[in-house]
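S.K.: Got a structure for you, entry-v3.cif, holding mmCIF, C-alpha atoms.
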```cif
data_final
loop_
_atom_site.label_atom_id
_atom_site.label_comp_id
_atom_site.auth_asym_id
_atom_site.auth_seq_id
_atom_site.Cartn_x
_atom_site.Cartn_y
_atom_site.Cartn_z
CA MET A 183 42.47 101.34 44.28
CA ALA A 184 39.86 99.46 42.23
CA PRO A 185 39.25 100.30 38.54
CA MET A 186 36.84 103.10 37.60
CA GLY A 187 37.48 104.67 40.99
CA ILE A 188 35.44 102.11 42.95
CA ARG A 189 36.78 101.27 46.39
CA LEU A 190 36.21 97.74 47.78
CA SER A 191 35.02 97.56 51.37
CA PRO A 192 37.00 95.11 53.54
CA LEU A 193 33.72 93.94 55.08
CA GLY A 194 32.24 93.30 51.63
CA VAL A 195 35.27 91.30 50.58
CA ALA A 196 34.99 89.20 53.72
CA VAL A 197 31.28 88.54 53.18
CA PHE A 198 31.92 87.64 49.52
CA CYS A 199 34.66 85.16 50.50
CA LEU A 200 32.46 83.56 53.14
CA LEU A 201 29.65 83.13 50.63
CA GLY A 202 32.08 81.52 48.18
CA LEU A 203 33.34 79.11 50.82
CA GLY A 204 29.74 78.25 51.71
CA VAL A 205 28.92 77.40 48.12
CA LEU A 206 32.05 75.24 47.78
CA TYR A 207 31.27 73.44 51.04
CA HIS A 208 27.72 72.72 49.91
CA LEU A 209 28.81 71.32 46.55
CA TYR A 210 31.61 69.20 47.98
CA SER A 211 29.52 67.80 50.81
CA GLY A 212 26.85 66.77 48.27
CA PHE A 213 29.50 65.05 46.18
CA LEU A 214 30.78 63.14 49.21
CA ALA A 215 27.27 62.14 50.20
CA GLY A 216 26.62 60.85 46.70
CA ARG A 217 29.81 58.84 46.67
CA LEU A 218 29.00 57.41 50.08
CA ALA A 219 25.52 56.41 48.91
CA LEU A 220 26.91 54.70 45.83
CA PHE A 221 29.42 52.88 48.00
CA MET A 222 26.67 51.65 50.32
CA LEU A 223 24.47 50.58 47.44
CA GLY A 224 27.35 48.75 45.80
CA ASP A 225 28.09 46.97 49.06
CA GLN A 226 24.46 45.94 49.42
CA ALA A 227 24.37 44.72 45.82
CA GLU A 228 27.48 42.65 46.36
CA ARG A 229 26.02 41.05 49.48
CA ALA A 230 22.79 40.39 47.59
CA GLY A 231 24.70 38.61 44.86
CA GLY A 232 25.22 41.15 42.13
CA GLY A 233 25.79 44.73 41.09
CA PRO A 234 27.40 46.69 38.29
CA ASP A 235 30.35 47.75 40.47
CA VAL A 236 31.38 44.11 41.05
CA PRO A 237 33.75 42.97 38.30
CA PRO A 238 33.07 39.57 36.73
CA GLY A 239 35.54 36.80 37.38
CA PRO A 240 36.08 33.67 39.46
CA LEU A 241 34.62 33.63 42.95
CA PRO A 242 36.82 33.00 46.01
CA GLU A 243 37.70 29.36 46.52
CA GLY A 244 37.03 27.34 49.68
CA THR A 245 33.26 27.63 49.94
CA VAL A 246 30.41 27.86 47.43
CA ASP A 247 27.10 29.67 47.86
CA LEU A 248 24.41 27.36 46.49
CA ARG A 249 22.18 30.32 45.64
CA GLU A 250 24.92 31.78 43.46
CA LEU A 251 25.54 28.38 41.92
CA LEU A 252 21.83 28.08 41.13
CA ALA A 253 21.85 31.49 39.43
CA VAL A 254 24.87 30.55 37.29
CA SER A 255 23.35 27.15 36.50
CA VAL A 256 20.18 28.81 35.18
CA LEU A 257 22.27 31.18 33.07
CA ALA A 258 24.42 28.30 31.78
CA ALA A 259 21.38 26.25 30.77
CA VAL A 260 19.89 29.23 28.94
CA LYS A 261 23.16 30.12 27.18
CA GLY A 262 23.65 26.50 26.15
CA GLY A 263 20.08 26.42 24.92
CA GLU A 264 20.74 29.42 22.71
CA GLU A 265 23.50 27.48 20.95
CA VAL A 266 21.27 24.40 20.62
CA LYS A 267 18.48 26.46 19.05
CA ARG A 268 20.81 28.40 16.76
CA VAL A 269 22.41 25.26 15.33
CA ARG A 270 19.07 23.51 14.83
CA GLU A 271 17.56 26.50 13.05
CA SER A 272 20.63 26.77 10.81
CA ASN A 273 19.97 23.14 9.78
CA VAL A 274 23.74 22.49 9.74
CA LEU A 275 24.08 19.95 12.53
CA ASN A 276 27.39 18.31 11.52
CA GLU A 277 25.94 15.09 12.88
CA LYS A 278 28.27 12.20 13.64
CA ALA A 279 28.36 8.99 15.68
CA LYS A 280 30.34 8.99 18.92
CA GLY A 281 29.72 5.38 19.95
CA LYS A 282 26.97 2.96 20.88
CA THR A 283 24.80 2.45 23.92
CA ARG A 284 24.83 -0.83 25.85
CA GLU A 285 21.77 -1.81 23.87
CA GLY A 286 23.65 -1.31 20.61
CA ALA A 287 21.92 1.89 19.55
CA GLU A 288 24.08 4.54 17.90
CA GLU A 289 24.88 7.58 20.05
CA LYS A 290 24.91 10.79 18.05
CA MET A 291 26.68 14.11 18.51
CA THR A 292 26.07 17.40 16.74
CA SER A 293 27.45 20.91 16.67
CA GLY A 294 24.59 21.78 19.02
CA ASP A 295 25.99 19.38 21.63
CA VAL A 296 29.54 20.68 21.27
CA LEU A 297 28.81 24.41 21.27
CA SER A 298 26.28 24.19 24.10
CA ASN A 299 28.71 22.14 26.16
CA ARG A 300 31.51 24.65 25.61
CA LYS A 301 29.33 27.58 26.69
CA MET A 302 27.89 25.83 29.74
CA PHE A 303 31.10 24.23 30.96
CA TYR A 304 33.28 27.33 30.81
CA LEU A 305 30.68 29.65 32.30
CA LEU A 306 30.50 27.39 35.35
CA LYS A 307 34.20 26.53 35.46
CA ASN A 308 35.41 30.12 35.07
CA THR A 309 33.08 31.24 37.87
CA PHE A 310 33.67 28.30 40.21
CA PRO A 311 37.17 27.02 39.37
CA SER A 312 37.45 24.81 42.45
CA VAL A 313 34.25 22.86 41.79
CA GLN A 314 34.25 19.43 40.12
CA ILE A 315 32.25 19.55 36.86
CA ASN A 316 31.18 16.43 34.97
CA THR A 317 29.76 16.85 31.49
CA GLU A 318 28.53 14.56 28.74
CA GLU A 319 30.79 15.92 26.02
CA HIS A 320 34.57 16.17 25.94
CA VAL A 321 36.06 19.63 26.52
CA ASP A 322 39.17 20.59 24.54
CA PRO A 323 41.44 23.22 26.18
CA PRO A 324 42.01 25.06 22.85
CA ASP A 325 38.25 25.68 22.70
CA LYS A 326 38.20 27.51 26.04
CA GLU A 327 35.79 30.45 26.16
CA THR A 328 36.33 33.59 28.24
CA VAL A 329 32.84 33.85 29.68
CA PHE A 330 31.99 34.91 33.23
CA TRP A 331 28.99 35.46 35.42
CA ASP A 332 28.23 39.16 36.04
CA ARG A 333 27.25 38.40 39.68
CA SER A 334 23.57 39.24 39.09
CA ILE A 335 20.94 36.97 40.61
CA PRO A 336 17.44 36.86 39.07
CA GLU A 337 14.75 38.42 41.25
CA ASP A 338 12.69 35.24 41.50
CA ILE A 339 15.70 33.38 42.90
CA LYS A 340 16.52 36.17 45.37
CA GLU A 341 12.92 36.18 46.57
CA LYS A 342 12.71 32.42 47.19
CA ILE A 343 16.25 31.24 47.97
CA GLN A 344 18.47 32.24 50.87
CA PRO A 345 22.28 32.14 50.61
CA LYS A 346 23.71 28.80 51.72
CA LYS A 347 27.44 28.12 51.75
CA VAL A 348 28.95 24.65 51.50
CA PRO A 349 32.55 23.43 51.11
CA ALA A 350 33.60 23.59 47.46
CA GLU A 351 35.17 20.14 47.73
CA SER A 352 31.75 18.63 48.56
CA VAL A 353 30.18 19.90 45.31
CA THR A 354 29.86 18.07 41.99
CA VAL A 355 28.15 19.70 39.01
CA TRP A 356 26.60 17.55 36.29
CA ILE A 357 25.97 19.11 32.85
CA ASP A 358 23.86 17.74 30.02
CA PRO A 359 24.39 20.25 27.19
CA LEU A 360 21.77 18.68 24.92
CA ASP A 361 19.41 16.02 26.20
CA ALA A 362 17.57 14.02 23.51
CA THR A 363 20.20 14.37 20.79
CA HIS A 364 18.58 11.61 18.71
CA GLU A 365 15.28 13.49 18.69
CA TYR A 366 17.17 16.72 17.99
CA THR A 367 18.52 15.25 14.75
CA GLU A 368 14.95 14.25 13.81
CA ASP A 369 13.78 17.81 14.49
CA LEU A 370 11.53 16.68 17.36
CA ARG A 371 12.27 19.89 19.22
CA GLN A 372 9.76 19.51 22.04
CA TYR A 373 11.87 16.77 23.67
CA VAL A 374 15.12 18.76 23.78
CA THR A 375 16.45 20.24 27.03
CA THR A 376 19.68 21.53 28.52
CA MET A 377 20.30 20.65 32.17
CA VAL A 378 22.53 21.48 35.11
CA CYS A 379 22.55 19.70 38.46
CA VAL A 380 24.46 20.44 41.66
CA ALA A 381 25.14 17.57 44.03
CA VAL A 382 26.53 18.02 47.55
CA ASN A 383 28.24 14.93 48.96
CA GLY A 384 26.51 12.94 46.24
CA GLU A 385 22.98 14.18 46.97
CA PRO A 386 21.19 16.22 44.28
CA VAL A 387 20.26 19.62 45.74
CA VAL A 388 19.98 22.03 42.77
CA GLY A 389 18.35 21.23 39.46
CA VAL A 390 17.80 23.27 36.29
CA ILE A 391 15.92 22.01 33.21
CA HIS A 392 15.67 24.40 30.26
CA LYS A 393 13.64 23.93 27.06
CA PRO A 394 15.45 25.92 24.33
CA PHE A 395 12.61 25.95 21.82
CA SER A 396 9.92 27.22 24.20
CA ALA A 397 12.24 29.33 26.40
CA TYR A 398 10.89 27.65 29.54
CA THR A 399 13.18 27.00 32.51
CA ALA A 400 12.34 24.97 35.61
CA TRP A 401 14.64 25.30 38.62
CA ALA A 402 14.55 24.10 42.20
CA MET A 403 16.74 23.86 45.29
CA VAL A 404 16.20 21.27 48.00
CA ASP A 405 15.14 22.91 51.29
CA GLY A 406 15.06 26.20 49.40
CA GLY A 407 12.39 26.82 46.81
CA SER A 408 11.46 26.48 43.14
CA ASN A 409 9.69 28.17 40.26
CA VAL A 410 7.67 25.08 39.34
CA LYS A 411 4.94 23.00 40.99
CA ALA A 412 4.00 19.35 40.93
CA ARG A 413 0.95 17.99 39.15
CA SER A 414 -1.69 16.85 41.61
CA SER A 415 -3.99 14.77 39.40
CA TYR A 416 -2.93 11.13 39.76
CA SER A 417 -5.41 8.34 39.02
CA GLU A 418 -4.65 4.79 40.17
CA ARG A 419 -7.30 3.53 37.77
CA THR A 420 -5.72 5.01 34.65
CA PRO A 421 -2.09 5.87 35.48
CA ARG A 422 -0.08 7.58 32.76
CA ILE A 423 3.46 6.20 32.53
CA ILE A 424 6.10 7.98 30.47
CA VAL A 425 8.98 5.91 29.07
CA SER A 426 11.74 6.16 26.47
CA ARG A 427 10.60 5.82 22.88
CA SER A 428 12.93 2.86 22.40
CA HIS A 429 11.67 1.08 25.55
CA ALA A 430 7.91 1.48 25.18
CA GLY A 431 7.33 -2.08 24.02
CA LYS A 432 9.43 -3.55 26.84
CA VAL A 433 7.60 -1.62 29.52
CA GLU A 434 4.04 -1.75 28.24
CA GLN A 435 3.26 -5.42 28.89
CA VAL A 436 4.60 -5.45 32.43
CA ALA A 437 3.07 -2.06 33.23
CA ARG A 438 -0.39 -3.18 32.11
CA GLN A 439 -0.08 -6.37 34.15
CA THR A 440 0.89 -4.27 37.16
CA PHE A 441 -1.44 -1.28 36.91
CA GLY A 442 -4.25 -2.65 34.74
CA ASN A 443 -5.24 -2.61 31.10
CA LYS A 444 -6.28 1.04 31.25
CA THR A 445 -2.69 2.10 31.89
CA VAL A 446 -1.56 4.72 29.36
CA ILE A 447 2.01 4.37 28.04
CA ILE A 448 3.57 7.60 26.72
CA PRO A 449 6.70 7.11 24.58
CA ALA A 450 8.91 10.21 24.72
CA GLY A 451 12.47 11.38 24.21
CA GLY A 452 14.83 12.91 26.75
CA ALA A 453 15.05 12.37 30.50
CA GLY A 454 14.54 16.08 31.16
CA TYR A 455 11.31 16.09 29.15
CA LYS A 456 10.03 13.04 31.04
CA VAL A 457 10.61 14.64 34.45
CA LEU A 458 8.83 17.82 33.31
CA ALA A 459 5.87 15.60 32.37
CA LEU A 460 5.37 14.97 36.10
CA LEU A 461 5.21 18.71 36.83
CA ASP A 462 2.84 21.58 36.14
CA VAL A 463 4.61 23.05 33.12
CA PRO A 464 3.05 25.89 31.07
CA ASP A 465 3.94 24.40 27.69
CA LYS A 466 1.22 23.16 25.35
CA LYS A 467 3.62 20.66 23.75
CA GLN A 468 4.57 19.14 27.11
CA GLU A 469 2.80 15.83 27.70
CA LYS A 470 1.55 14.94 31.19
CA ALA A 471 2.34 11.76 33.12
CA ASP A 472 2.09 10.31 36.63
CA VAL A 473 5.15 8.06 36.68
CA TYR A 474 8.45 7.97 34.78
CA ILE A 475 10.05 4.55 34.27
CA HIS A 476 13.38 3.71 32.65
CA VAL A 477 14.44 0.06 32.49
CA THR A 478 18.10 0.23 31.40
CA TYR A 479 21.42 1.82 32.26
CA ILE A 480 21.36 5.62 32.13
CA LYS A 481 23.99 8.34 32.58
CA LYS A 482 23.85 10.57 35.65
CA TRP A 483 23.98 13.86 33.72
CA ASP A 484 20.68 12.74 32.15
CA ILE A 485 18.87 12.37 35.47
CA CYS A 486 20.59 14.42 38.18
CA ALA A 487 18.78 17.70 37.45
CA GLY A 488 15.40 15.99 37.35
CA ASN A 489 16.20 14.15 40.57
CA ALA A 490 17.00 17.43 42.33
CA VAL A 491 13.82 19.14 41.08
CA LEU A 492 11.61 16.23 42.15
CA LYS A 493 13.31 15.98 45.53
CA ALA A 494 12.84 19.71 46.16
CA LEU A 495 9.12 19.32 45.44
CA GLY A 496 8.68 16.27 47.65
CA GLY A 497 8.92 13.71 44.87
CA HIS A 498 11.24 10.74 44.37
CA MET A 499 13.67 9.33 41.84
CA THR A 500 15.25 5.98 42.64
CA THR A 501 16.37 2.78 40.98
CA LEU A 502 13.60 0.28 40.25
CA THR A 503 14.36 -1.37 43.60
CA GLY A 504 13.92 1.90 45.47
CA GLU A 505 17.59 2.69 46.09
CA GLU A 506 18.69 6.33 46.19
CA ILE A 507 21.08 7.36 43.41
CA SER A 508 24.46 8.80 44.42
CA TYR A 509 25.93 11.47 42.16
CA THR A 510 29.56 10.74 42.87
CA GLY A 511 31.93 8.18 41.45
CA SER A 512 31.01 6.65 38.10
CA ASP A 513 28.93 8.56 35.58
CA GLY A 514 26.34 5.79 35.12
CA ASN A 515 23.32 4.51 37.01
CA GLU A 516 22.56 0.80 36.99
CA GLY A 517 19.27 -0.88 37.78
CA GLY A 518 16.79 1.30 35.94
CA LEU A 519 14.86 4.33 37.14
CA LEU A 520 11.54 5.10 38.82
CA ALA A 521 10.36 8.69 39.32
CA SER A 522 7.14 9.95 40.83
CA ILE A 523 5.56 12.80 42.76
CA ASN A 524 2.42 12.96 44.91
CA VAL A 525 2.36 9.16 44.75
CA ASN A 526 3.25 6.45 47.28
CA HIS A 527 6.65 5.77 45.77
CA GLN A 528 7.42 2.68 47.84
CA ALA A 529 4.12 1.15 46.77
CA LEU A 530 5.23 1.63 43.16
CA VAL A 531 8.56 -0.05 43.91
CA ASP A 532 6.77 -3.01 45.46
CA LYS A 533 4.61 -3.41 42.33
CA LEU A 534 7.47 -3.48 39.83
CA PRO A 535 9.69 -6.53 40.51
CA ASP A 536 9.35 -7.74 36.92
CA LEU A 537 10.60 -4.44 35.55
CA GLU A 538 13.61 -4.60 37.86
CA LYS A 539 14.47 -8.03 36.45
CA ALA A 540 13.99 -6.75 32.92
CA SER A 541 16.46 -3.93 33.56
CA HIS A 542 19.23 -6.38 34.39
CA LYS A 543 18.54 -8.38 31.24
CA GLN A 544 19.03 -5.25 29.14
CA THR A 545 22.31 -4.01 30.74
#
```
Rewrite the coordinates I just gave you, this time as structure tokens.

M.R.:
Amino acid sequence: MAPMGIRLSPLGVAVFCLLGLGVLYHLYSGFLAGRLALFMLGDQAERAGGGPDVPPGPLPEGTVDLRELLAVSVLAAVKGGEEVKRVRESNVLNEKAKGKTREGAEEKMTSGDVLSNRKMFYLLKNTFPSVQINTEEHVDPPDKETVFWDRSIPEDIKEKIQPKKVPAESVTVWIDPLDATHEYTEDLRQYVTTMVCVAVNGEPVVGVIHKPFSAYTAWAMVDGGSNVKARSSYSERTPRIIVSRSHAGKVEQVARQTFGNKTVIIPAGGAGYKVLALLDVPDKKQEKADVYIHVTYIKKWDICAGNAVLKALGGHMTTLTGEEISYTGSDGNEGGLLASINVNHQALVDKLPDLEKASHKQT
């Protein structure tokens, strides 16, 4: 008998139990549906290249998705740029000489080079351990950083680039952790870039050029897409030729003989900066040019990213004799450099035999 003399009806008890079971069923089915939805969303995010449920860490070996490698390359260039900017603004560069160029000029290294290199190298190496990575600065194992990609791909890359897998063994990554170090020590910040290039079987296919002091990043993938466009205003009457600050005098005489006395010579620092001069870059401090010429030996990490960007946009970067540059084997490029876009590149090659000869005299 129930308390207070109240008798419970068997039918009422049954109805009460059924209602309770109905409530439990409703709550549990909603929970399962929610978990299933999260599972599906997580799976979609993983297939799209990112998601909070995907733990960071190295990607499976064997093949490499070039879209993922582009996303990590952009992140690496930006992270390296943060170190470059931080060191420069601290005004404690710890500058020292690391050797001399073939021309006898002193090559400098700073804390900006070292710290940027460490950040960029280990972000790429920890994420893609089976990929060959070549970098300008030496990497010491005790300085290893535990830094990983979180598997997120920027929206602009997802919108323009489709996944494309290639064998990991065919890939070589070239890193320039601080291009224009000499100008960096002189506080000529506009010339400084960080760069990453991805070559497949020696051909440049992904390029990233980042300007740390203006926070601008140009990226492109051959047969994929880009976030930058080429300049379209080229004048044969008054061509603008961008060259290294140290080579301006060597190039000017021959260039004026070739293109005419109205030719404008633009001395500048950094190979990355010079390639950006050929593009439509939204940076007021970025000079504009029609052709980029380099007449001496140059390292491949200086030019690979620019080569990939130009190639993706329909431009060209070759030796002065018009030969394609292979990004395998040695880390140097002989025979000078000629880069252009929206110009008859072969016609330029045919006009510059004297510069090609000059390049061999200087190497």

S.K.: With only C-alpha atoms as the counted atoms, please give the residues lying no more than 12 Å from Val387 of chain A, apart from itself and same-chain residues fewer than 6 positions off, as a PyMOL selection string.

M.R.: chain A and resi 248-249+251-252+346+348+352-356+378-381+401-408+486-495+508-509

S.K.: List as a PDB file with C-alpha atoms, in the coordinates of the input the protein and nucleic acid residues near Val425 of chain A, meaning an atom at most 9 Å away when all atoms listed in the file are counted, but skip any in the same chain fewer than 5 places from it.

M.R.:
```pdb
ATOM      1  CA  ALA A 430       7.910   1.480  25.180  1.00  0.00           C
ATOM      2  CA  VAL A 433       7.600  -1.620  29.520  1.00  0.00           C
ATOM      3  CA  ILE A 447       2.010   4.370  28.040  1.00  0.00           C
ATOM      4  CA  ILE A 448       3.570   7.600  26.720  1.00  0.00           C
ATOM      5  CA  PRO A 449       6.700   7.110  24.580  1.00  0.00           C
ATOM      6  CA  ALA A 450       8.910  10.210  24.720  1.00  0.00           C
ATOM      7  CA  GLY A 451      12.470  11.380  24.210  1.00  0.00           C
ATOM      8  CA  ALA A 453      15.050  12.370  30.500  1.00  0.00           C
ATOM      9  CA  LYS A 456      10.030  13.040  31.040  1.00  0.00           C
ATOM     10  CA  VAL A 473       5.150   8.060  36.680  1.00  0.00           C
ATOM     11  CA  TYR A 474       8.450   7.970  34.780  1.00  0.00           C
ATOM     12  CA  ILE A 475      10.050   4.550  34.270  1.00  0.00           C
ATOM     13  CA  HIS A 476      13.380   3.710  32.650  1.00  0.00           C
ATOM     14  CA  VAL A 477      14.440   0.060  32.490  1.00  0.00           C
TER      15      VAL A 477
END
```

S.K.: Using all atoms listed in the file, find the one residue out of A:Lys432, A:Lys466, A:Lys290, A:Lys482 that sits nearest to Tyr366 of chain A.

M.R.: A:Lys290

S.K.: For the file shown, report as a ChimeraX atom specification the outcome of the PyMOL selection byres ((chain A and resi 261) around 12) at residue level.

M.R.: /A:254-260,262-268,294,297-306,329-331,359-360,375-378,392-394,397,399

S.K.: Convert the output of the PyMOL selection byres ((chain A and resi 274-276) around 6) on the shown file into explicit residues, formatted as a ChimeraX atom specification.

M.R.: /A:272-273,277,292-293

S.K.: Which one of A:Leu370, A:Ile315, A:Ala253, A:Val321 sits closest to Ser334 of chain A if you count all atoms listed in the file?

M.R.: A:Ala253

S.K.: A:His364, A:Arg427, A:Lys444, A:Lys307: which is nearest Ala279 of chain A, counting only C-alpha atoms?

M.R.: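 So, comparing all the options, the nearest one is A:His364.
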
S.K.: Calculate how many Å separate atom CA of Ile507 of chain A from atom CA of Glu318 of chain A, rounding to one decimal.

M.R.: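 We find that atom CA of Ile507 of chain A and atom CA of Glu318 of chain A lie 18.0 Å from each other.
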
S.K.: Compare A:Thr501, A:Lys470, A:Arg270, A:Asp247 by their minimum atom-to-atom distance to Glu368 of chain A, counting only C-alpha atoms, and give me the closest one.

M.R.: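 Distance minimum relative to Glu368 of chain A lands on A:Arg270.
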
S.K.: Would you list the residues near (-2.4, 19.9, 39.1) (no more than 10 Å away, in the coordinates of the file, using only C-alpha atoms) as a PyMOL selection string?

M.R.: chain A and resi 411-416+460-463

S.K.: From the options A:Lys481, A:His498, A:Lys347, A:Lys340, which residue's atoms come nearest to Ser512 of chain A, counting all atoms listed in the file?

M.R.: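 Residue with the minimum atom-to-atom distance to Ser512 of chain A: A:Lys481.
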